[in-house]
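A.B. asks: There's a structure below that I have some questions on.
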Amino acid sequence: MYKKLACVFACACLLVSVGCGGNNQKATTTQNQVYLQLTDDAGRKIVLPKKPERIVALSPSYLEPIDAIGGQIIGRPTAKRGAVPKSMEKATEVGHTFNVNMESVVGLKPDLVLASKSQHAKFISLLESNKINTLEFQMHTYNEVKGFIDALGKIYNKPEQAKKLCDKMDAEVKVVLDKLPKEKKKVVILFATANSVTVSGSQSVAGCISDMMGFENVAAKALKGNSEKTPYSMEKLVEQNPDIIYITSMGKADKIQKRLQADFESNPAWRGLDAVKNKRVYALPEEKFLLNPGIHYPEAVEFMAKKAYPEAFSK
């Protein structure tokens with residue numbers, strides 16, 4: 001079901017209406033038979049016989065979009081303080097998104113569970129055996145976020161609120177993109193851990209935004225299919241010689257940036273890259289680029305754009 005869609009750079013004269021990657025959700029309603037029929041991001045066709053009243057969300061990224069359109073939930077994942085909308089603070093916690101307590105989920109007797117395709121697929125058979133409808137979503141790219149919001153509008157019967165939210169995000173993204181010079185910079189997006197460094201493509205948040213800004217991701221050809229990350233040789237990176245290096249990693253962005261800049265400058269291979277010589281190595285904050293920014297996607301777009309073109313945002 002899942003199809004890879006190319007990201008495009010939004011022209012200054014047009015309203016940004018799409019982002020990166022695809023969301024192929026289809027929703028139909030039939031009179032006097034079912035409330036809603038949806039095809040989720042895992043390709044599963046789910047029929048909701050009536051409007052869901054007891055919804056459990058398994059990912060923290062789902063909470064703000066649900067709250068923003070006026071939806072409610074009865075169960076949610078455990079999340080950091082400040083990450084949970086006030087309207088959802090009293091919802092029953094069902095464990096962390098990576099370690100969901102399914103006994104708690106089933107015990108809430110939900111009529112719909114909103115799950116992550118990448119994190120919660122292993123729970124689908126259990127939920128189905130308990131006759132609990134479940135929708136799996138993928139939320140990395142801008143299109144996927146907007147597709148999720150659109151689906152929420154149908155689920156909660158709040159299509160106007162969902163459209164208004166998507167339109168607001170599009171307008172905010174357009175304001176940023178309209179400020180960018182018409183030039184194509186070469187970039188690479190690295191995901192750094194203690195043991196390895198991989199490159200990210202269009203199916204990651206940073207890769208999607210890079211495409212939206214019209215950048216050339218020098219590692220894009222190495223990412224086959226819908227792969228989000230893949231190993232990449234230092235020799236190939238030196239050959240491509242990007243103008244900017246963006247780093248995604250766990251931890252404080254400023255500390256990561258200082259450490260990696262120092263590491264790169266001390267390594268002869270890295271030191272020869274234009275991005276390193278010109279000090280154009282930027283760490284991206286994990287809350288906007290490793291975790292999905294959701295309705296804050298425009299803020300993530302602005303963050304990357306300001307790093308690339310600080311002069312365009314100085315006024």
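In the structure tokens, chains take the letters A, B, ... in the order shown, each chain's residues start at 1, and ligands count up from 1 in the order shown.
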Once you count only C-alpha atoms, what closest atom pair and distance in Å to one decimal does each residue of stretch 151-256 of chain A within 12 Å of stretch 104-124 of chain A have, with rows by chain and rising residue number, as CSV?
C.D. replies:
residue,atom,partner,partner_atom,distance
A:Ala151,CA,A:Leu114,CA,10.8
A:Leu152,CA,A:Leu114,CA,9.9
A:Ile155,CA,A:Leu112,CA,9.6
A:Tyr156,CA,A:Leu112,CA,11.3
A:Glu228,CA,A:Ser118,CA,11.8
A.B. asks: Since we have the selection now, will you write its residues out, keeping all heavy atoms, as a short mmCIF file (atom, residue, chain, number, x, y, z; two decimals), in the first residue's frame?
C.D. replies:
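Generated file (result.cif):
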data_model
loop_
_atom_site.label_atom_id
_atom_site.label_comp_id
_atom_site.auth_asym_id
_atom_site.auth_seq_id
_atom_site.Cartn_x
_atom_site.Cartn_y
_atom_site.Cartn_z
N ALA A 151 -6.96 12.01 8.51
CA ALA A 151 -7.64 10.82 9.02
C ALA A 151 -8.32 11.11 10.36
O ALA A 151 -9.44 10.64 10.62
CB ALA A 151 -6.64 9.67 9.18
N LEU A 152 -7.64 11.89 11.21
CA LEU A 152 -8.25 12.27 12.49
C LEU A 152 -9.55 13.05 12.26
O LEU A 152 -10.53 12.87 12.99
CB LEU A 152 -7.29 13.11 13.31
CG LEU A 152 -6.04 12.43 13.87
CD1 LEU A 152 -5.19 13.44 14.62
CD2 LEU A 152 -6.41 11.27 14.78
N ILE A 155 -12.11 10.47 11.58
CA ILE A 155 -12.40 9.63 12.75
C ILE A 155 -13.25 10.38 13.77
O ILE A 155 -14.23 9.85 14.31
CB ILE A 155 -11.08 9.15 13.40
CG1 ILE A 155 -10.37 8.16 12.47
CG2 ILE A 155 -11.35 8.51 14.76
CD1 ILE A 155 -8.93 7.88 12.87
N TYR A 156 -12.88 11.63 14.04
CA TYR A 156 -13.58 12.42 15.06
C TYR A 156 -14.74 13.23 14.47
O TYR A 156 -15.38 13.98 15.19
CB TYR A 156 -12.60 13.36 15.75
CG TYR A 156 -11.67 12.68 16.73
CD1 TYR A 156 -10.38 12.32 16.37
CD2 TYR A 156 -12.09 12.41 18.03
CE1 TYR A 156 -9.52 11.71 17.27
CE2 TYR A 156 -11.25 11.78 18.94
CZ TYR A 156 -9.96 11.44 18.56
OH TYR A 156 -9.12 10.83 19.47
N GLU A 228 14.97 4.58 5.29
CA GLU A 228 15.14 5.87 5.96
C GLU A 228 16.61 6.18 6.19
O GLU A 228 17.05 7.31 6.08
CB GLU A 228 14.39 5.86 7.30
CG GLU A 228 14.47 7.17 8.05
CD GLU A 228 13.77 7.08 9.40
OE1 GLU A 228 13.00 6.12 9.61
OE2 GLU A 228 13.99 7.96 10.24
#
A.B. asks: Enumerate as a list in words all residues of stretch 125-233 of chain A assigned to strand (DSSP E) by DSSP on the backbone, naming them with the chain letters and numbers the document uses.
C.D. replies: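 Taking stretch 125-233 of chain A and keeping strand (DSSP E) only, one gets Thr134, Leu135, Glu136, Phe137, Lys186, Val187, Val188, Ile189, Leu190, Phe191, Ala192, Val197, Thr198, Val199, Ser200, Glu216, Asn217, Lys229, Thr230 and Pro231 of chain A.
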A.B. asks: For the selection just defined, write its residues with N, CA, C and O atoms to a file, as a PDB file, in the first residue's frame.
C.D. replies:
ATOM      1  N   THR A 134      -7.887  -1.308  15.080  1.00  0.00           N
ATOM      2  CA  THR A 134      -6.597  -0.620  15.206  1.00  0.00           C
ATOM      3  C   THR A 134      -6.193  -0.031  13.863  1.00  0.00           C
ATOM      4  O   THR A 134      -6.297  -0.691  12.835  1.00  0.00           O
ATOM      5  N   LEU A 135      -5.741   1.207  13.876  1.00  0.00           N
ATOM      6  CA  LEU A 135      -5.210   1.855  12.681  1.00  0.00           C
ATOM      7  C   LEU A 135      -3.725   2.122  12.891  1.00  0.00           C
ATOM      8  O   LEU A 135      -3.324   2.676  13.916  1.00  0.00           O
ATOM      9  N   GLU A 136      -2.906   1.713  11.930  1.00  0.00           N
ATOM     10  CA  GLU A 136      -1.465   1.942  11.994  1.00  0.00           C
ATOM     11  C   GLU A 136      -1.099   3.138  11.099  1.00  0.00           C
ATOM     12  O   GLU A 136      -1.514   3.207   9.948  1.00  0.00           O
ATOM     13  N   PHE A 137      -0.306   4.036  11.665  1.00  0.00           N
ATOM     14  CA  PHE A 137       0.112   5.218  10.913  1.00  0.00           C
ATOM     15  C   PHE A 137       1.631   5.302  10.872  1.00  0.00           C
ATOM     16  O   PHE A 137       2.326   4.813  11.756  1.00  0.00           O
ATOM     17  N   LYS A 186      24.333  21.401  -1.873  1.00  0.00           N
ATOM     18  CA  LYS A 186      24.537  19.972  -1.659  1.00  0.00           C
ATOM     19  C   LYS A 186      24.635  19.719  -0.156  1.00  0.00           C
ATOM     20  O   LYS A 186      25.426  20.362   0.541  1.00  0.00           O
ATOM     21  N   VAL A 187      23.838  18.787   0.347  1.00  0.00           N
ATOM     22  CA  VAL A 187      23.838  18.497   1.767  1.00  0.00           C
ATOM     23  C   VAL A 187      23.915  16.997   1.991  1.00  0.00           C
ATOM     24  O   VAL A 187      23.634  16.197   1.096  1.00  0.00           O
ATOM     25  N   VAL A 188      24.306  16.647   3.197  1.00  0.00           N
ATOM     26  CA  VAL A 188      24.199  15.262   3.635  1.00  0.00           C
ATOM     27  C   VAL A 188      23.642  15.292   5.055  1.00  0.00           C
ATOM     28  O   VAL A 188      23.933  16.200   5.839  1.00  0.00           O
ATOM     29  N   ILE A 189      22.817  14.319   5.366  1.00  0.00           N
ATOM     30  CA  ILE A 189      22.196  14.231   6.685  1.00  0.00           C
ATOM     31  C   ILE A 189      22.695  12.961   7.346  1.00  0.00           C
ATOM     32  O   ILE A 189      22.432  11.850   6.862  1.00  0.00           O
ATOM     33  N   LEU A 190      23.445  13.132   8.416  1.00  0.00           N
ATOM     34  CA  LEU A 190      24.043  11.996   9.104  1.00  0.00           C
ATOM     35  C   LEU A 190      23.293  11.701  10.390  1.00  0.00           C
ATOM     36  O   LEU A 190      22.898  12.618  11.117  1.00  0.00           O
ATOM     37  N   PHE A 191      23.110  10.418  10.657  1.00  0.00           N
ATOM     38  CA  PHE A 191      22.565   9.989  11.941  1.00  0.00           C
ATOM     39  C   PHE A 191      23.711   9.344  12.706  1.00  0.00           C
ATOM     40  O   PHE A 191      24.254   8.328  12.289  1.00  0.00           O
ATOM     41  N   ALA A 192      24.092   9.977  13.812  1.00  0.00           N
ATOM     42  CA  ALA A 192      25.275   9.536  14.548  1.00  0.00           C
ATOM     43  C   ALA A 192      24.895   8.837  15.840  1.00  0.00           C
ATOM     44  O   ALA A 192      24.059   9.310  16.609  1.00  0.00           O
ATOM     45  N   VAL A 197      27.820   5.749  11.958  1.00  0.00           N
ATOM     46  CA  VAL A 197      27.240   6.922  11.318  1.00  0.00           C
ATOM     47  C   VAL A 197      26.556   6.445  10.042  1.00  0.00           C
ATOM     48  O   VAL A 197      27.156   5.753   9.223  1.00  0.00           O
ATOM     49  N   THR A 198      25.283   6.786   9.880  1.00  0.00           N
ATOM     50  CA  THR A 198      24.548   6.446   8.670  1.00  0.00           C
ATOM     51  C   THR A 198      24.008   7.728   8.041  1.00  0.00           C
ATOM     52  O   THR A 198      24.017   8.791   8.659  1.00  0.00           O
ATOM     53  N   VAL A 199      23.550   7.617   6.798  1.00  0.00           N
ATOM     54  CA  VAL A 199      22.964   8.776   6.121  1.00  0.00           C
ATOM     55  C   VAL A 199      21.455   8.605   6.051  1.00  0.00           C
ATOM     56  O   VAL A 199      20.945   7.487   6.028  1.00  0.00           O
ATOM     57  N   SER A 200      20.744   9.723   6.048  1.00  0.00           N
ATOM     58  CA  SER A 200      19.284   9.705   6.020  1.00  0.00           C
ATOM     59  C   SER A 200      18.760  10.282   4.716  1.00  0.00           C
ATOM     60  O   SER A 200      19.357  11.196   4.144  1.00  0.00           O
ATOM     61  N   GLU A 216      20.091  19.285  -2.686  1.00  0.00           N
ATOM     62  CA  GLU A 216      20.517  18.013  -3.259  1.00  0.00           C
ATOM     63  C   GLU A 216      21.122  17.163  -2.143  1.00  0.00           C
ATOM     64  O   GLU A 216      22.190  17.483  -1.627  1.00  0.00           O
ATOM     65  N   ASN A 217      20.430  16.114  -1.774  1.00  0.00           N
ATOM     66  CA  ASN A 217      20.950  15.184  -0.771  1.00  0.00           C
ATOM     67  C   ASN A 217      21.930  14.252  -1.476  1.00  0.00           C
ATOM     68  O   ASN A 217      21.521  13.388  -2.250  1.00  0.00           O
ATOM     69  N   LYS A 229      17.403   5.134   6.509  1.00  0.00           N
ATOM     70  CA  LYS A 229      18.824   5.325   6.795  1.00  0.00           C
ATOM     71  C   LYS A 229      19.615   4.186   6.162  1.00  0.00           C
ATOM     72  O   LYS A 229      19.120   3.076   5.988  1.00  0.00           O
ATOM     73  N   THR A 230      20.882   4.465   5.851  1.00  0.00           N
ATOM     74  CA  THR A 230      21.745   3.426   5.314  1.00  0.00           C
ATOM     75  C   THR A 230      23.198   3.805   5.586  1.00  0.00           C
ATOM     76  O   THR A 230      23.522   4.997   5.678  1.00  0.00           O
ATOM     77  N   PRO A 231      24.101   2.819   5.729  1.00  0.00           N
ATOM     78  CA  PRO A 231      25.528   3.141   5.892  1.00  0.00           C
ATOM     79  C   PRO A 231      26.052   3.842   4.642  1.00  0.00           C
ATOM     80  O   PRO A 231      25.515   3.679   3.540  1.00  0.00           O
TER      81      PRO A 231
END
A.B. asks: If you count only C-alpha atoms, which residues fall within 6 Å of A:Arg76, apart from same-chain ones fewer than 6 positions away, as a list of chain:residue names?
C.D. replies: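 Answer for this query is A:Val56, A:Ala57, A:Leu58, A:Glu93, A:Val94.
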A.B. asks: Could those selected residues go to a file with N, CA, C and O atoms, as a PDB file, in the first residue's frame?
C.D. replies:
ATOM      1  N   VAL A  56      -7.626   5.014  22.169  1.00  0.00           N
ATOM      2  CA  VAL A  56      -6.321   4.950  22.820  1.00  0.00           C
ATOM      3  C   VAL A  56      -5.252   5.261  21.776  1.00  0.00           C
ATOM      4  O   VAL A  56      -5.236   4.662  20.699  1.00  0.00           O
ATOM      5  N   ALA A  57      -4.376   6.207  22.078  1.00  0.00           N
ATOM      6  CA  ALA A  57      -3.261   6.567  21.199  1.00  0.00           C
ATOM      7  C   ALA A  57      -1.971   6.004  21.785  1.00  0.00           C
ATOM      8  O   ALA A  57      -1.674   6.229  22.957  1.00  0.00           O
ATOM      9  N   LEU A  58      -1.194   5.284  20.978  1.00  0.00           N
ATOM     10  CA  LEU A  58       0.011   4.621  21.483  1.00  0.00           C
ATOM     11  C   LEU A  58       1.298   5.408  21.231  1.00  0.00           C
ATOM     12  O   LEU A  58       2.347   5.005  21.710  1.00  0.00           O
ATOM     13  N   GLU A  93      -2.447   6.151  31.462  1.00  0.00           N
ATOM     14  CA  GLU A  93      -1.159   5.846  30.829  1.00  0.00           C
ATOM     15  C   GLU A  93      -1.044   4.343  30.594  1.00  0.00           C
ATOM     16  O   GLU A  93      -1.370   3.535  31.467  1.00  0.00           O
ATOM     17  N   VAL A  94      -0.559   3.978  29.403  1.00  0.00           N
ATOM     18  CA  VAL A  94      -0.456   2.562  29.038  1.00  0.00           C
ATOM     19  C   VAL A  94       0.995   2.159  28.788  1.00  0.00           C
ATOM     20  O   VAL A  94       1.277   1.190  28.085  1.00  0.00           O
TER      21      VAL A  94
END
A.B. asks: Report as an MDAnalysis selection string: the residues of stretch 120-258 of chain A with a DSSP assignment of alpha helix (DSSP H), based on the backbone of this structure.
C.D. replies: chainID A and resid 124:129 142:155 159:177 205:212 234:240 253:258
A.B. asks: Neighbouring residues of stretch 234-246 of chain A were defined as those with any atom within 9 Å, considering only C-alpha atoms; residues of the same chain fewer than 4 positions away were excluded. Please report them as a CSV table (one decimal) with all heavy atoms, in the first residue's frame.
C.D. replies:
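Output file selection.csv is given in full below:
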chain,number,residue,atom,x,y,z
A,185,LYS,N,21.8,23.8,-2.8
A,185,LYS,CA,23.0,23.4,-2.0
A,185,LYS,C,23.1,21.9,-1.9
A,185,LYS,O,22.1,21.2,-1.9
A,185,LYS,CB,22.9,24.0,-0.6
A,185,LYS,CG,23.2,25.5,-0.6
A,185,LYS,CD,23.3,26.0,0.8
A,185,LYS,CE,23.6,27.5,0.9
A,185,LYS,NZ,24.9,27.8,0.4
A,186,LYS,N,24.3,21.4,-1.9
A,186,LYS,CA,24.5,20.0,-1.7
A,186,LYS,C,24.6,19.7,-0.2
A,186,LYS,O,25.4,20.4,0.5
A,186,LYS,CB,25.8,19.5,-2.4
A,186,LYS,CG,25.8,19.6,-3.9
A,186,LYS,CD,26.9,18.8,-4.5
A,186,LYS,CE,28.3,19.4,-4.1
A,186,LYS,NZ,29.4,18.6,-4.8
A,187,VAL,N,23.8,18.8,0.3
A,187,VAL,CA,23.8,18.5,1.8
A,187,VAL,C,23.9,17.0,2.0
A,187,VAL,O,23.6,16.2,1.1
A,187,VAL,CB,22.6,19.1,2.5
A,187,VAL,CG1,22.4,20.5,2.2
A,187,VAL,CG2,21.3,18.3,2.0
A,188,VAL,N,24.3,16.6,3.2
A,188,VAL,CA,24.2,15.3,3.6
A,188,VAL,C,23.6,15.3,5.1
A,188,VAL,O,23.9,16.2,5.8
A,188,VAL,CB,25.6,14.5,3.6
A,188,VAL,CG1,26.5,15.1,4.6
A,188,VAL,CG2,25.4,13.0,3.8
A,189,ILE,N,22.8,14.3,5.4
A,189,ILE,CA,22.2,14.2,6.7
A,189,ILE,C,22.7,13.0,7.3
A,189,ILE,O,22.4,11.8,6.9
A,189,ILE,CB,20.7,14.2,6.6
A,189,ILE,CG1,20.2,15.5,5.9
A,189,ILE,CG2,20.0,14.1,8.0
A,189,ILE,CD1,18.9,15.4,5.2
A,190,LEU,N,23.4,13.1,8.4
A,190,LEU,CA,24.0,12.0,9.1
A,190,LEU,C,23.3,11.7,10.4
A,190,LEU,O,22.9,12.6,11.1
A,190,LEU,CB,25.5,12.3,9.4
A,190,LEU,CG,26.4,12.7,8.3
A,190,LEU,CD1,27.8,12.9,8.8
A,190,LEU,CD2,26.4,11.6,7.2
A,191,PHE,N,23.1,10.4,10.7
A,191,PHE,CA,22.6,10.0,11.9
A,191,PHE,C,23.7,9.3,12.7
A,191,PHE,O,24.3,8.3,12.3
A,191,PHE,CB,21.4,9.0,11.8
A,191,PHE,CG,20.9,8.4,13.1
A,191,PHE,CD1,20.2,9.3,14.0
A,191,PHE,CD2,21.1,7.1,13.4
A,191,PHE,CE1,19.8,8.8,15.2
A,191,PHE,CE2,20.6,6.6,14.6
A,191,PHE,CZ,20.0,7.4,15.5
A,206,ALA,N,14.4,15.1,8.6
A,206,ALA,CA,15.4,16.0,8.1
A,206,ALA,C,15.5,15.9,6.5
A,206,ALA,O,15.7,16.8,5.8
A,206,ALA,CB,16.7,15.8,8.7
A,216,GLU,N,20.1,19.3,-2.7
A,216,GLU,CA,20.5,18.0,-3.3
A,216,GLU,C,21.1,17.2,-2.1
A,216,GLU,O,22.2,17.5,-1.6
A,216,GLU,CB,21.6,18.2,-4.4
A,216,GLU,CG,22.1,16.9,-5.0
A,216,GLU,CD,23.2,17.1,-5.9
A,216,GLU,OE1,23.5,18.3,-6.2
A,216,GLU,OE2,23.8,16.1,-6.3
A,217,ASN,N,20.4,16.1,-1.8
A,217,ASN,CA,21.0,15.2,-0.8
A,217,ASN,C,21.9,14.3,-1.5
A,217,ASN,O,21.5,13.4,-2.3
A,217,ASN,CB,19.8,14.4,-0.1
A,217,ASN,CG,20.3,13.5,1.0
A,217,ASN,OD1,21.4,13.2,1.1
A,217,ASN,ND2,19.3,13.1,1.9
A,218,VAL,N,23.2,14.4,-1.2
A,218,VAL,CA,24.2,13.7,-2.0
A,218,VAL,C,24.2,12.2,-1.7
A,218,VAL,O,24.8,11.4,-2.5
A,218,VAL,CB,25.7,14.3,-1.7
A,218,VAL,CG1,25.7,15.7,-2.1
A,218,VAL,CG2,26.0,14.0,-0.2
A,219,ALA,N,23.6,11.8,-0.7
A,219,ALA,CA,23.5,10.4,-0.4
A,219,ALA,C,22.2,9.7,-0.8
A,219,ALA,O,22.0,8.5,-0.6
A,219,ALA,CB,23.7,10.1,1.2
A,269,ALA,N,40.4,13.1,6.8
A,269,ALA,CA,39.4,12.8,5.8
A,269,ALA,C,38.3,13.8,5.8
A,269,ALA,O,37.8,14.4,4.8
A,269,ALA,CB,38.9,11.4,5.9
A,270,TRP,N,37.7,14.0,7.1
A,270,TRP,CA,36.6,14.9,7.2
A,270,TRP,C,37.1,16.4,7.0
A,270,TRP,O,36.3,17.2,6.5
A,270,TRP,CB,36.1,14.8,8.7
A,270,TRP,CG,35.3,13.6,8.9
A,270,TRP,CD1,35.7,12.5,9.6
A,270,TRP,CD2,33.9,13.3,8.6
A,270,TRP,NE1,34.7,11.5,9.6
A,270,TRP,CE2,33.6,12.1,9.0
A,270,TRP,CE3,32.9,14.1,7.9
A,270,TRP,CZ2,32.3,11.5,8.8
A,270,TRP,CZ3,31.7,13.6,7.7
A,270,TRP,CH2,31.4,12.3,8.2
A,272,GLY,N,38.9,17.8,5.0
A,272,GLY,CA,38.9,18.3,3.6
A,272,GLY,C,37.6,18.7,3.1
A,272,GLY,O,37.5,19.3,2.0
A,273,LEU,N,36.5,18.3,3.7
A,273,LEU,CA,35.2,18.6,3.2
A,273,LEU,C,34.9,20.1,3.4
A,273,LEU,O,35.2,20.8,4.3
A,273,LEU,CB,34.1,17.8,4.0
A,273,LEU,CG,34.2,16.3,3.9
A,273,LEU,CD1,33.1,15.7,4.8
A,273,LEU,CD2,33.9,15.9,2.4
A,274,ASP,N,34.3,20.7,2.3
A,274,ASP,CA,33.9,22.1,2.4
A,274,ASP,C,33.0,22.4,3.6
A,274,ASP,O,33.2,23.5,4.2
A,274,ASP,CB,33.2,22.5,1.1
A,274,ASP,CG,34.1,22.6,-0.1
A,274,ASP,OD1,35.3,22.6,0.1
A,274,ASP,OD2,33.6,22.6,-1.3
A,275,ALA,N,32.1,21.6,3.9
A,275,ALA,CA,31.2,21.8,5.0
A,275,ALA,C,32.0,22.0,6.3
A,275,ALA,O,31.7,22.8,7.2
A,275,ALA,CB,30.2,20.7,5.1
A,276,VAL,N,33.0,21.2,6.5
A,276,VAL,CA,33.8,21.2,7.7
A,276,VAL,C,34.7,22.4,7.7
A,276,VAL,O,34.8,23.2,8.7
A,276,VAL,CB,34.7,19.9,7.9
A,276,VAL,CG1,35.6,20.0,9.1
A,276,VAL,CG2,33.7,18.7,8.0
A,278,ASN,N,34.3,25.2,6.2
A,278,ASN,CA,33.5,26.4,6.3
A,278,ASN,C,32.6,26.5,7.6
A,278,ASN,O,31.8,27.4,7.7
A,278,ASN,CB,32.6,26.6,5.1
A,278,ASN,CG,33.4,26.8,3.8
A,278,ASN,OD1,34.5,27.4,3.8
A,278,ASN,ND2,32.9,26.2,2.7
A,279,LYS,N,32.8,25.5,8.5
A,279,LYS,CA,32.1,25.4,9.7
A,279,LYS,C,30.6,25.3,9.5
A,279,LYS,O,29.8,26.0,10.1
A,279,LYS,CB,32.5,26.5,10.7
A,279,LYS,CG,33.9,26.4,11.1
A,279,LYS,CD,34.2,27.5,12.2
A,279,LYS,CE,35.7,27.4,12.6
A,279,LYS,NZ,36.2,26.1,13.1
A,280,ARG,N,30.2,24.5,8.5
A,280,ARG,CA,28.8,24.4,8.2
A,280,ARG,C,28.3,23.0,8.5
A,280,ARG,O,27.7,22.3,7.7
A,280,ARG,CB,28.5,24.7,6.7
A,280,ARG,CG,29.1,26.1,6.3
A,280,ARG,CD,28.1,26.8,5.3
A,280,ARG,NE,26.9,27.2,6.0
A,280,ARG,CZ,25.8,27.7,5.3
A,280,ARG,NH1,25.9,27.9,4.0
A,280,ARG,NH2,24.7,28.0,6.0
A,281,VAL,N,28.6,22.6,9.8
A,281,VAL,CA,28.1,21.3,10.3
A,281,VAL,C,27.1,21.7,11.4
A,281,VAL,O,27.5,22.4,12.4
A,281,VAL,CB,29.3,20.5,10.9
A,281,VAL,CG1,28.8,19.2,11.6
A,281,VAL,CG2,30.4,20.2,9.9
A,282,TYR,N,25.9,21.2,11.3
A,282,TYR,CA,24.8,21.7,12.2
A,282,TYR,C,24.1,20.5,12.8
A,282,TYR,O,23.7,19.6,12.1
A,282,TYR,CB,23.8,22.5,11.4
A,282,TYR,CG,24.4,23.7,10.8
A,282,TYR,CD1,24.3,23.9,9.4
A,282,TYR,CD2,25.1,24.7,11.5
A,282,TYR,CE1,24.8,25.0,8.7
A,282,TYR,CE2,25.6,25.8,10.8
A,282,TYR,CZ,25.5,26.0,9.5
A,282,TYR,OH,26.0,27.1,8.8
A,283,ALA,N,24.0,20.5,14.1
A,283,ALA,CA,23.3,19.4,14.8
A,283,ALA,C,21.8,19.8,14.9
A,283,ALA,O,21.5,21.0,15.1
A,283,ALA,CB,23.8,19.2,16.2
A,284,LEU,N,20.9,18.9,14.6
A,284,LEU,CA,19.5,19.1,14.6
A,284,LEU,C,18.9,18.6,15.9
A,284,LEU,O,19.2,17.5,16.3
A,284,LEU,CB,18.8,18.4,13.4
A,284,LEU,CG,19.4,18.8,12.1
A,284,LEU,CD1,18.8,18.0,11.0
A,284,LEU,CD2,19.1,20.3,11.8
A,304,MET,N,16.0,24.3,10.0
A,304,MET,CA,16.9,23.9,9.0
A,304,MET,C,17.2,25.0,8.0
A,304,MET,O,18.4,25.2,7.6
A,304,MET,CB,16.4,22.7,8.2
A,304,MET,CG,16.7,21.3,8.9
A,304,MET,SD,16.3,19.9,7.9
A,304,MET,CE,17.7,19.9,6.8
A,308,ALA,N,20.9,27.0,7.0
A,308,ALA,CA,21.4,27.1,5.7
A,308,ALA,C,21.6,28.5,5.2
A,308,ALA,O,22.5,28.9,4.5
A,308,ALA,CB,20.6,26.3,4.7
